[in-house]
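Trainee: my_file_12.cif is the file, holding mmCIF, C-alpha atoms:
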data_input
loop_
_atom_site.label_atom_id
_atom_site.label_comp_id
_atom_site.auth_asym_id
_atom_site.auth_seq_id
_atom_site.Cartn_x
_atom_site.Cartn_y
_atom_site.Cartn_z
CA GLU A 179 8.81 -78.97 61.83
CA ASP A 180 8.75 -75.33 62.86
CA PRO A 181 6.28 -73.61 62.43
CA TYR A 182 3.95 -76.35 61.19
CA VAL A 183 3.93 -78.61 64.27
CA MET A 184 5.93 -77.90 67.43
CA VAL A 185 5.95 -79.27 70.96
CA ARG A 186 5.39 -76.55 73.55
CA SER A 187 4.78 -77.51 77.20
CA ALA A 188 3.74 -81.06 76.26
CA GLU A 189 1.23 -79.59 73.79
CA LEU A 190 1.36 -79.57 70.01
CA GLU A 191 0.94 -76.22 68.31
CA GLY A 192 1.73 -74.61 64.98
CA TYR A 193 0.28 -73.77 61.59
CA CYS A 194 -0.92 -77.30 60.86
CA MET A 195 -2.51 -77.63 64.30
CA ASP A 196 -4.45 -74.38 63.78
CA LEU A 197 -5.45 -75.56 60.30
CA LEU A 198 -6.62 -78.90 61.67
CA LYS A 199 -8.72 -77.16 64.36
CA ALA A 200 -10.33 -74.91 61.74
CA LEU A 201 -11.14 -77.88 59.48
CA ALA A 202 -12.58 -79.88 62.38
CA ALA A 203 -14.80 -76.96 63.35
CA MET A 204 -16.11 -76.61 59.80
CA LEU A 205 -16.65 -80.32 59.08
CA HIS A 206 -17.56 -81.37 62.63
CA PHE A 207 -15.14 -84.26 63.11
CA SER A 208 -12.97 -85.29 66.04
CA TYR A 209 -9.36 -86.32 65.61
CA LYS A 210 -6.33 -87.75 67.37
CA VAL A 211 -2.87 -86.47 66.42
CA LYS A 212 0.03 -88.88 66.02
CA VAL A 213 3.56 -87.83 65.10
CA VAL A 214 4.94 -89.87 62.19
CA GLY A 215 7.18 -92.66 63.43
CA ASP A 216 10.24 -92.33 61.16
CA GLY A 217 10.11 -88.55 60.93
CA GLN A 218 9.85 -88.61 57.12
CA TYR A 219 7.35 -87.08 54.70
CA GLY A 220 7.27 -90.01 52.32
CA ALA A 221 9.47 -91.48 49.62
CA VAL A 222 9.97 -94.87 47.98
CA SER A 223 12.60 -96.94 49.82
CA ALA A 224 15.06 -99.37 48.27
CA THR A 225 12.61 -102.21 48.93
CA GLY A 226 9.88 -100.42 46.97
CA ASN A 227 7.79 -99.52 50.02
CA TRP A 228 6.76 -96.00 50.96
CA THR A 229 8.22 -94.42 54.08
CA GLY A 230 7.01 -91.58 56.27
CA MET A 231 3.50 -90.15 56.27
CA VAL A 232 2.63 -91.53 52.84
CA GLY A 233 3.55 -95.02 54.05
CA GLU A 234 1.35 -94.69 57.16
CA ILE A 235 -1.58 -93.57 54.98
CA LEU A 236 -1.10 -96.60 52.71
CA ARG A 237 -0.88 -98.95 55.71
CA GLN A 238 -3.99 -97.28 57.15
CA GLU A 239 -2.12 -96.32 60.29
CA ALA A 240 -3.46 -92.78 59.75
CA ASP A 241 -6.55 -91.39 58.01
CA ILE A 242 -5.05 -88.06 56.91
CA ALA A 243 -1.61 -86.45 56.93
CA VAL A 244 -1.58 -82.73 57.77
CA ALA A 245 1.92 -81.38 57.17
CA PRO A 246 4.00 -79.40 54.67
CA LEU A 247 3.63 -82.39 52.37
CA THR A 248 4.49 -81.47 48.78
CA VAL A 249 2.02 -82.64 46.14
CA THR A 250 4.03 -84.68 43.61
CA SER A 251 3.02 -87.02 40.80
CA ALA A 252 4.66 -90.02 42.50
CA ARG A 253 2.73 -89.44 45.72
CA GLU A 254 -0.49 -88.69 43.83
CA GLU A 255 -0.32 -92.17 42.30
CA VAL A 256 -0.65 -93.87 45.69
CA VAL A 257 -2.58 -91.34 47.83
CA SER A 258 -5.04 -88.50 47.21
CA PHE A 259 -4.34 -84.85 47.97
CA THR A 260 -6.70 -82.02 48.80
CA THR A 261 -6.49 -78.55 47.32
CA PRO A 262 -3.12 -77.06 48.46
CA PHE A 263 -3.38 -74.93 51.57
CA LEU A 264 0.03 -73.33 51.02
CA GLN A 265 1.79 -72.40 47.77
CA THR A 266 5.54 -72.69 47.59
CA GLY A 267 8.42 -73.29 45.21
CA ILE A 268 12.18 -73.82 45.16
CA GLY A 269 14.34 -70.93 46.32
CA ILE A 270 17.88 -70.13 47.44
CA LEU A 271 18.62 -69.31 51.09
CA LEU A 272 21.72 -67.18 51.63
CA ARG A 273 23.54 -65.40 54.41
CA LYS A 274 23.58 -61.66 53.82
CA ASP A 275 27.25 -61.03 54.55
CA THR A 276 28.40 -63.80 52.18
CA VAL A 277 26.59 -62.23 49.23
CA SER A 278 26.90 -58.54 50.05
CA GLN A 279 27.11 -56.35 47.00
CA GLU A 280 30.74 -55.59 46.23
CA MET A 281 31.18 -51.97 45.18
CA SER A 282 33.83 -51.09 42.66
CA PHE A 283 36.43 -48.49 43.59
CA PHE A 284 34.97 -46.12 41.00
CA HIS A 285 31.39 -46.64 42.17
CA PHE A 286 30.64 -42.94 41.65
CA LEU A 287 30.83 -43.51 37.88
CA ALA A 288 28.11 -46.18 37.99
CA PRO A 289 25.08 -43.84 37.48
CA PHE A 290 26.09 -43.42 33.82
CA SER A 291 27.17 -46.10 31.37
CA LYS A 292 30.51 -46.03 29.59
CA GLU A 293 28.77 -44.85 26.43
CA THR A 294 27.18 -41.96 28.33
CA TRP A 295 30.49 -40.86 29.84
CA THR A 296 32.09 -41.04 26.37
CA GLY A 297 29.26 -38.96 24.90
CA LEU A 298 29.62 -36.41 27.71
CA LEU A 299 33.36 -36.05 27.05
CA PHE A 300 32.73 -35.63 23.33
CA ALA A 301 29.99 -33.02 23.98
CA TYR A 302 32.28 -31.12 26.33
CA LEU A 303 35.16 -30.97 23.84
CA LEU A 304 32.87 -30.08 20.93
CA THR A 305 31.16 -27.29 22.90
CA SER A 306 34.52 -25.87 24.03
CA PHE A 307 35.75 -25.88 20.44
CA CYS A 308 32.55 -24.16 19.25
CA LEU A 309 32.98 -21.49 21.93
CA PHE A 310 36.55 -20.91 20.81
CA LEU A 311 35.60 -20.81 17.12
CA VAL A 312 32.54 -18.55 17.48
CA ALA A 313 34.42 -16.15 19.79
CA ARG A 314 37.12 -15.87 17.13
CA LEU A 315 34.61 -15.19 14.37
CA SER A 316 32.35 -12.77 16.23
CA PRO A 317 33.55 -9.13 16.08
CA CYS A 318 31.80 -8.40 19.39
CA GLU A 319 34.36 -10.41 21.34
CA TRP A 320 37.22 -8.01 20.55
CA ASN A 321 37.62 -4.40 19.50
CA GLU A 322 40.82 -4.65 17.45
CA PRO A 323 41.59 -8.19 16.27
CA LYS A 324 45.07 -7.22 15.08
CA ASN A 325 46.23 -5.61 18.33
CA GLU A 326 44.06 -7.35 20.98
CA GLU A 327 44.14 -10.94 22.19
CA ASN A 328 40.80 -12.71 22.37
CA HIS A 329 39.87 -13.84 25.89
CA PHE A 330 38.29 -17.07 24.60
CA THR A 331 41.44 -19.02 23.89
CA PHE A 332 40.97 -22.78 23.55
CA LEU A 333 42.21 -23.38 27.10
CA ASN A 334 39.91 -20.69 28.45
CA SER A 335 37.04 -22.25 26.49
CA LEU A 336 37.80 -25.62 28.10
CA TRP A 337 37.86 -23.97 31.51
CA PHE A 338 34.57 -22.19 30.80
CA GLY A 339 32.87 -25.48 29.85
CA ALA A 340 34.25 -27.29 32.90
CA GLY A 341 33.09 -24.52 35.22
CA ALA A 342 29.58 -24.61 33.78
CA LEU A 343 29.54 -28.40 34.14
CA ALA A 344 30.24 -27.99 37.86
CA LEU A 345 27.69 -25.13 38.19
CA GLN A 346 30.44 -22.64 39.03
CA GLY A 347 30.73 -19.07 37.78
CA VAL A 348 33.73 -18.69 35.48
CA THR A 349 35.41 -16.10 33.32
CA PRO A 350 35.75 -14.86 30.66
CA ARG A 351 32.17 -13.69 30.31
CA PRO A 352 30.79 -13.86 26.77
CA LYS A 353 29.88 -10.57 25.08
CA ALA A 354 28.68 -11.66 21.65
CA LEU A 355 25.14 -13.00 21.20
CA SER A 356 26.43 -16.05 19.33
CA VAL A 357 28.76 -17.01 22.18
CA ARG A 358 26.01 -16.41 24.73
CA VAL A 359 23.64 -18.71 22.83
CA ILE A 360 26.19 -21.54 22.91
CA ALA A 361 26.90 -20.87 26.58
CA ALA A 362 23.18 -20.87 27.47
CA VAL A 363 22.57 -24.14 25.64
CA TRP A 364 25.55 -25.72 27.37
CA TRP A 365 24.27 -24.52 30.78
CA LEU A 366 20.85 -26.05 30.10
CA PHE A 367 22.51 -29.31 29.05
CA THR A 368 24.68 -29.44 32.18
CA ILE A 369 21.75 -28.73 34.54
CA ALA A 370 19.70 -31.60 33.08
CA LEU A 371 22.75 -33.89 33.10
CA LEU A 372 23.62 -33.14 36.73
CA ALA A 373 20.00 -33.67 37.78
CA ALA A 374 20.01 -37.09 36.12
CA TYR A 375 23.36 -37.98 37.71
CA ILE A 376 22.31 -36.95 41.22
CA ALA A 377 19.00 -38.84 40.94
CA ASN A 378 20.69 -42.02 39.68
CA PHE A 379 23.51 -41.80 42.20
CA THR A 380 21.06 -41.36 45.10
CA ALA A 381 18.99 -44.33 43.97
CA LEU A 382 22.15 -46.39 43.46
CA LEU A 383 23.46 -45.70 46.96
CA SER A 384 20.11 -46.37 48.62
CA SER A 385 19.59 -49.68 46.83
CA SER A 386 23.16 -51.00 46.80
CA SER A 387 22.80 -52.55 50.24
CA GLU A 388 19.58 -54.33 49.23
CA GLN A 389 20.78 -55.78 45.95
CA LEU A 390 22.14 -59.30 45.83
CA PRO A 391 24.69 -60.47 43.29
CA ILE A 392 22.91 -63.87 43.39
CA GLN A 393 19.44 -63.17 42.03
CA THR A 394 18.80 -66.36 40.09
CA PHE A 395 19.89 -69.99 39.93
CA GLU A 396 22.09 -69.09 36.97
CA ASP A 397 23.96 -66.59 39.18
CA LEU A 398 24.41 -69.35 41.76
CA VAL A 399 25.97 -71.70 39.19
CA LYS A 400 28.33 -69.04 37.81
CA GLN A 401 29.82 -68.00 41.16
CA ARG A 402 32.59 -69.94 42.88
CA LYS A 403 32.49 -68.55 46.42
CA LEU A 404 29.50 -70.45 47.81
CA GLU A 405 28.83 -74.16 47.97
CA PHE A 406 25.18 -75.14 47.52
CA GLY A 407 23.03 -78.17 48.20
CA THR A 408 19.61 -79.38 49.32
CA LEU A 409 17.97 -82.01 51.51
CA GLU A 410 19.10 -85.53 50.69
CA GLY A 411 16.36 -87.52 48.94
CA SER A 412 13.96 -84.57 48.89
CA SER A 413 11.56 -83.67 46.07
CA THR A 414 13.76 -80.66 45.40
CA PHE A 415 16.73 -82.92 44.64
CA TYR A 416 14.68 -85.02 42.20
CA TYR A 417 13.26 -81.87 40.61
CA PHE A 418 16.73 -80.88 39.45
CA LYS A 419 17.52 -84.47 38.48
CA ASN A 420 14.50 -84.72 36.17
CA SER A 421 14.62 -81.17 34.80
CA LYS A 422 15.68 -80.61 31.18
CA ASN A 423 16.83 -77.06 31.85
CA PRO A 424 20.63 -76.83 31.31
CA ILE A 425 21.08 -74.64 34.41
CA HIS A 426 19.11 -77.10 36.53
CA GLN A 427 21.15 -79.98 35.15
CA MET A 428 24.37 -78.20 36.14
CA ILE A 429 23.00 -77.75 39.66
CA TYR A 430 22.09 -81.45 39.88
CA GLU A 431 25.50 -82.57 38.59
CA TYR A 432 27.23 -80.34 41.13
CA MET A 433 25.15 -81.71 44.03
CA ASP A 434 25.40 -85.33 42.83
CA LYS A 435 29.21 -85.26 42.56
CA ARG A 436 29.55 -83.71 46.01
CA ARG A 437 26.53 -85.36 47.66
CA ASP A 438 28.48 -86.42 50.74
CA HIS A 439 29.56 -82.83 51.33
CA VAL A 440 26.76 -80.53 50.13
CA LEU A 441 23.58 -82.54 50.83
CA VAL A 442 22.13 -82.16 54.32
CA LYS A 443 19.99 -84.50 56.41
CA THR A 444 17.56 -82.05 58.00
CA TYR A 445 16.22 -78.57 57.41
CA GLN A 446 17.65 -77.35 60.74
CA GLU A 447 21.10 -78.57 59.69
CA ALA A 448 20.74 -76.65 56.42
CA VAL A 449 19.86 -73.37 58.16
CA GLN A 450 22.70 -73.79 60.64
CA ARG A 451 25.18 -74.46 57.84
CA VAL A 452 24.06 -71.38 55.90
CA MET A 453 24.57 -69.25 59.02
CA GLU A 454 28.00 -70.66 59.87
CA SER A 455 29.71 -71.21 56.50
CA ASP A 456 29.80 -70.14 52.86
CA TYR A 457 26.86 -72.32 51.92
CA ALA A 458 23.62 -71.70 49.99
CA PHE A 459 20.64 -73.93 50.67
CA ILE A 460 18.21 -74.84 47.88
CA GLY A 461 14.81 -75.79 49.21
CA GLU A 462 11.18 -74.86 49.79
CA SER A 463 10.82 -71.11 49.45
CA ILE A 464 8.16 -70.86 52.15
CA SER A 465 10.45 -72.57 54.66
CA GLN A 466 13.25 -70.23 53.64
CA ASP A 467 10.96 -67.25 54.25
CA LEU A 468 10.48 -68.53 57.77
CA ALA A 469 14.25 -68.86 58.27
CA ALA A 470 14.74 -65.30 57.01
CA ALA A 471 11.99 -64.13 59.39
CA ARG A 472 13.61 -65.85 62.38
CA HIS A 473 17.23 -65.02 61.50
CA CYS A 474 17.74 -61.45 60.29
CA ASN A 475 21.14 -62.25 58.77
CA LEU A 476 19.53 -64.65 56.27
CA ILE A 477 17.79 -63.74 53.04
CA ARG A 478 16.09 -65.58 50.19
CA ALA A 479 17.07 -64.84 46.59
CA PRO A 480 14.24 -63.38 44.47
CA GLU A 481 13.87 -66.21 41.93
CA VAL A 482 11.50 -69.06 42.79
CA ILE A 483 11.08 -72.02 40.43
CA GLY A 484 8.99 -75.19 40.38
CA ALA A 485 5.75 -73.80 41.79
CA ARG A 486 4.07 -76.41 43.93
CA GLY A 487 1.70 -76.71 46.88
CA PHE A 488 1.33 -78.37 50.27
CA GLY A 489 -1.77 -80.55 50.50
CA ILE A 490 -3.47 -82.83 52.99
CA ALA A 491 -2.95 -86.50 52.08
CA THR A 492 -5.73 -89.09 52.36
CA THR A 493 -6.30 -92.61 51.10
CA GLN A 494 -7.42 -92.74 47.48
CA ALA A 495 -10.90 -94.01 48.37
CA SER A 496 -11.39 -91.66 51.30
CA PRO A 497 -14.69 -89.73 51.36
CA TRP A 498 -12.93 -86.92 53.22
CA THR A 499 -10.78 -85.77 50.28
CA LYS A 500 -13.42 -83.64 48.59
CA LYS A 501 -14.85 -82.35 51.89
CA LEU A 502 -11.42 -81.25 53.06
CA SER A 503 -10.68 -79.61 49.68
CA ILE A 504 -13.87 -77.55 49.82
CA ALA A 505 -13.12 -76.56 53.43
CA VAL A 506 -9.60 -75.44 52.48
CA LEU A 507 -11.04 -73.30 49.65
CA LYS A 508 -13.51 -71.70 52.06
CA LEU A 509 -10.71 -70.90 54.50
CA ARG A 510 -8.74 -69.31 51.67
CA GLU A 511 -11.72 -67.25 50.46
CA SER A 512 -12.45 -66.02 53.98
CA GLY A 513 -8.84 -64.94 54.53
CA ASP A 514 -8.22 -67.41 57.35
CA LEU A 515 -5.28 -69.03 55.54
CA ASP A 516 -3.65 -65.62 55.09
CA TYR A 517 -4.18 -64.93 58.79
CA LEU A 518 -2.48 -68.20 59.74
CA ARG A 519 0.38 -67.47 57.33
CA ASN A 520 0.99 -64.04 58.86
CA LYS A 521 0.63 -65.42 62.39
CA TRP A 522 3.29 -68.10 62.11
CA TRP A 523 5.63 -66.28 59.71
CA GLU A 524 5.66 -63.00 61.58
CA SER A 525 9.03 -61.25 61.59
CA SER A 526 10.59 -58.17 63.13
CA CYS A 527 13.45 -58.10 60.63
CA LEU A 528 11.58 -56.09 57.98
CA HIS A 529 10.62 -53.38 60.48
CA ARG A 530 14.15 -53.26 61.80
CA SER A 531 15.70 -52.96 58.34
CA ARG A 532 13.49 -50.01 57.42
CA ASP A 533 14.39 -48.11 60.57
CA SER A 534 18.09 -48.89 60.47
CA TRP A 535 20.64 -46.59 58.92
CA SER A 536 24.04 -47.66 57.70
CA PRO A 537 26.86 -45.39 56.53
CA LEU A 538 28.28 -45.59 53.04
CA GLN A 539 31.07 -48.07 52.53
CA PRO A 540 34.50 -46.60 51.63
CA GLN A 541 34.44 -48.42 48.28
CA ALA A 542 31.40 -46.41 47.17
CA LEU A 543 33.31 -43.11 47.09
CA GLY A 544 36.87 -44.40 47.00
CA GLY A 545 37.27 -43.38 43.37
CA LEU A 546 36.27 -39.80 44.20
CA PHE A 547 38.96 -39.56 46.86
CA LEU A 548 41.49 -41.06 44.46
CA THR A 549 40.49 -38.55 41.78
CA LEU A 550 40.88 -35.71 44.28
CA ALA A 551 44.33 -36.95 45.31
CA ILE A 552 45.44 -37.23 41.68
CA GLY A 553 44.12 -33.72 40.95
CA LEU A 554 45.93 -32.26 43.96
CA ALA A 555 49.15 -33.99 42.95
CA LEU A 556 48.84 -32.77 39.35
CA GLY A 557 48.23 -29.21 40.60
CA VAL A 558 51.37 -29.27 42.76
CA ILE A 559 53.42 -30.80 39.93
CA ALA A 560 52.13 -28.15 37.49
CA ALA A 561 53.06 -25.36 39.92
CA LEU A 562 56.56 -26.80 40.35
CA ALA A 563 56.90 -27.09 36.56
CA GLU A 564 55.86 -23.45 36.10
CA LEU A 565 58.33 -22.32 38.78
CA SER A 566 61.06 -24.46 37.23
CA ASN A 567 60.41 -22.93 33.82
CA LYS A 568 60.60 -19.41 35.23
CA SER A 569 63.79 -20.27 37.13
CA ARG A 570 65.41 -21.60 33.97
CA HIS A 571 64.76 -18.34 32.13
CA ALA A 572 65.87 -16.25 35.11
CA ALA A 573 69.08 -18.27 35.47
CA GLY A 574 70.11 -17.19 31.98
CA HIS A 575 69.77 -13.50 32.85
CA VAL A 576 71.52 -13.55 36.24
CA LYS A 577 74.08 -16.13 35.13
CA LYS A 578 73.39 -18.57 37.94
CA SER A 579 72.62 -22.25 37.95
CA CYS A 580 69.00 -23.22 37.43
CA CYS A 581 68.95 -25.23 40.68
CA SER A 582 70.17 -22.30 42.81
CA VAL A 583 67.64 -19.93 41.26
CA PHE A 584 64.90 -22.52 41.73
CA THR A 585 65.88 -22.99 45.39
CA GLU A 586 65.90 -19.22 45.99
CA GLU A 587 62.50 -18.87 44.35
CA MET A 588 61.13 -21.70 46.49
CA CYS A 589 62.50 -20.19 49.71
CA THR A 590 61.22 -16.75 48.81
CA ARG A 591 57.71 -18.02 48.12
CA LEU A 592 57.56 -20.22 51.22
CA ARG A 593 58.71 -17.32 53.45
CA VAL A 594 56.23 -14.78 52.09
CA LYS A 595 53.67 -15.26 54.86
CA GLU A 596 56.34 -15.52 57.54
CA ASN A 597 57.99 -12.25 56.47
CA ALA A 598 54.64 -10.58 56.26
CA ARG A 599 53.78 -11.75 59.77
CA HIS A 600 57.15 -10.45 61.11
CA SER A 601 56.65 -7.09 59.41
CA GLN A 602 53.16 -6.80 60.91
CA GLU A 603 54.52 -7.60 64.38
CA ALA A 604 57.28 -5.01 63.91
CA ALA A 605 54.77 -2.41 62.80
CA GLY A 606 52.62 -3.19 65.82
CA LYS A 607 55.55 -2.72 68.22
CA ALA A 608 56.48 0.57 66.54
CA ASN A 609 52.95 1.89 66.96
CA ALA A 610 53.00 0.81 70.59
#
Represent the supplied structure as structure tokens.

Mentor:
Amino acid sequence: EDPYVMVRSAELEGYCMDLLKALAAMLHFSYKVKVVGDGQYGAVSATGNWTGMVGEILRQEADIAVAPLTVTSAREEVVSFTTPFLQTGIGILLRKDTVSQEMSFFHFLAPFSKETWTGLLFAYLLTSFCLFLVARLSPCEWNEPKNEENHFTFLNSLWFGAGALALQGVTPRPKALSVRVIAAVWWLFTIALLAAYIANFTALLSSSSEQLPIQTFEDLVKQRKLEFGTLEGSSTFYYFKNSKNPIHQMIYEYMDKRRDHVLVKTYQEAVQRVMESDYAFIGESISQDLAAARHCNLIRAPEVIGARGFGIATTQASPWTKKLSIAVLKLRESGDLDYLRNKWWESSCLHRSRDSWSPLQPQALGGLFLTLAIGLALGVIAALAELSNKSRHAAGHVKKSCCSVFTEEMCTRLRVKENARHSQEAAGKANA
């Protein structure tokens, strides 16, 4: 199994072969490698006999088994294991495009919660009302209250607050100290708020492509898009069968009911199925890390459960068990195991993902464009309503229909630039 033992040019190489060489050098023993006959790790068959590597150890066809052999209680009852040389667990292997983060159309609102946006609206209305009220009460905002209209009407106060919120200079300018105090406090509030929004929005956009909607096994159970399964008859399958966790029981029931469809025979079949269909593979996390290192379109979900280790199997009375365990610990303490791990799990995908740049998806800012379109439409409609209102009043004075006056007003306004251009051309010819 790649990268533990592989055939290259009639030679065996891989992580386990390097580990075996290192152990032989430390303990000074010679060895002969034999590939297991049935290609299995070891499980109890229907007849009650052990298959795979564990069976060959029991039948004394092999002295030790060096492989990604998971240490389980059932295997420990019949063979002995050394200290684990690799730590692993159960993870979820996914294809990146099947679990890409779906952005909502109003993704630009995501930096703040609904409660924050509600509080901001309330603060905006309250501040605008306070500006209007204080400007009315302060004598510095007008010279003659009876004959002069105050510039801080409620609509102007709303416009003043909105302009400050967008960091734009607006009028009217406050004259009274009381109004200036409220304006200054509102400016300080808006600067801090915009800084927080920009920071959150930047972080949200930069991390949206890296976030997975399926982070845990609970997320996997709740979704309906992906099928999921594991290796048939593997320790992973029996882990979910024996677990008392409700989520794990739901996963087992799903796989058991659809075992003919979701369970796979080999690890290579599982990886191929994840790459070619909407399928999530549940299996050894360390093997999934290798698949993600070899195939850049694959990724492993963050959650890992059922921590376990890969150990070297020996007969229960073997004198080599303790010697091999001590040698494995020495290799770990010297950093040799980490070196082997990095050597055989090396990947170029991480380097490539850091250097790559991808543009924002349309969904991320789609709500902004929609808001702009709605604002433009409302502006045009408001202008037409204002012109219609003026035309209705003018129609009463000139005794014409409202539609004819409205049409004349429209034509006059749309021809302003054209007439001005003609008059400029005429003036230019006259000067010539």

Trainee: Applying the PyMOL selection byres ((chain A and resi 273) around 12) to the file I just gave you, which residues come out? Please list them as an mmCIF file with C-alpha atoms, keeping the file's coordinate frame.

Mentor:
data_model
loop_
_atom_site.group_PDB
_atom_site.id
_atom_site.type_symbol
_atom_site.label_atom_id
_atom_site.label_comp_id
_atom_site.auth_asym_id
_atom_site.auth_seq_id
_atom_site.Cartn_x
_atom_site.Cartn_y
_atom_site.Cartn_z
ATOM 1 C CA ILE A 270 17.880 -70.130 47.440
ATOM 2 C CA LEU A 271 18.620 -69.310 51.090
ATOM 3 C CA LEU A 272 21.720 -67.180 51.630
ATOM 4 C CA LYS A 274 23.580 -61.660 53.820
ATOM 5 C CA ASP A 275 27.250 -61.030 54.550
ATOM 6 C CA THR A 276 28.400 -63.800 52.180
ATOM 7 C CA VAL A 277 26.590 -62.230 49.230
ATOM 8 C CA SER A 278 26.900 -58.540 50.050
ATOM 9 C CA LEU A 390 22.140 -59.300 45.830
ATOM 10 C CA ILE A 392 22.910 -63.870 43.390
ATOM 11 C CA LEU A 404 29.500 -70.450 47.810
ATOM 12 C CA ALA A 448 20.740 -76.650 56.420
ATOM 13 C CA VAL A 449 19.860 -73.370 58.160
ATOM 14 C CA GLN A 450 22.700 -73.790 60.640
ATOM 15 C CA ARG A 451 25.180 -74.460 57.840
ATOM 16 C CA VAL A 452 24.060 -71.380 55.900
ATOM 17 C CA MET A 453 24.570 -69.250 59.020
ATOM 18 C CA GLU A 454 28.000 -70.660 59.870
ATOM 19 C CA SER A 455 29.710 -71.210 56.500
ATOM 20 C CA ASP A 456 29.800 -70.140 52.860
ATOM 21 C CA TYR A 457 26.860 -72.320 51.920
ATOM 22 C CA ALA A 458 23.620 -71.700 49.990
ATOM 23 C CA PHE A 459 20.640 -73.930 50.670
ATOM 24 C CA GLN A 466 13.250 -70.230 53.640
ATOM 25 C CA ALA A 469 14.250 -68.860 58.270
ATOM 26 C CA ALA A 470 14.740 -65.300 57.010
ATOM 27 C CA HIS A 473 17.230 -65.020 61.500
ATOM 28 C CA CYS A 474 17.740 -61.450 60.290
ATOM 29 C CA ASN A 475 21.140 -62.250 58.770
ATOM 30 C CA LEU A 476 19.530 -64.650 56.270
ATOM 31 C CA ILE A 477 17.790 -63.740 53.040
ATOM 32 C CA ARG A 478 16.090 -65.580 50.190
ATOM 33 C CA ALA A 479 17.070 -64.840 46.590
#

Trainee: List the residues selected by the PyMOL selection byres ((chain A and resi 244) around 9) in the file shown, writing them as a ChimeraX atom specification.

Mentor: /A:194-195,197-198,242-243,245-247,489-491

Trainee: One number please: atom CA of A:Leu502 to atom CA of A:Thr260, in Å, one decimal.

Mentor: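 So the answer is 6.4 Å.
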
Trainee: The PyMOL selection byres ((chain A and resi 333) around 12) on the file shown: which residues, as a ChimeraX atom specification?

Mentor: /A:303,306-307,309-310,328-332,334-340,349-350

Trainee: Rounded to one decimal place, report the atom CA of A:Phe286-atom CA of A:Phe379 distance in Å.

Mentor: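 Rounded to one decimal, the two atoms are 7.2 Å apart.
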
Trainee: Using only C-alpha atoms, which protein or nucleic acid residues come within 8 Å of A:Phe263? Drop anything in the same chain fewer than 4 positions from it, and give the result as a PyMOL selection string.

Mentor: chain A and resi 487-489+506+510+515

Trainee: Figure out the distance between atom CA of A:Glu396 and atom CA of A:Thr294, please, to one decimal in Å.

Mentor: 28.9 Å
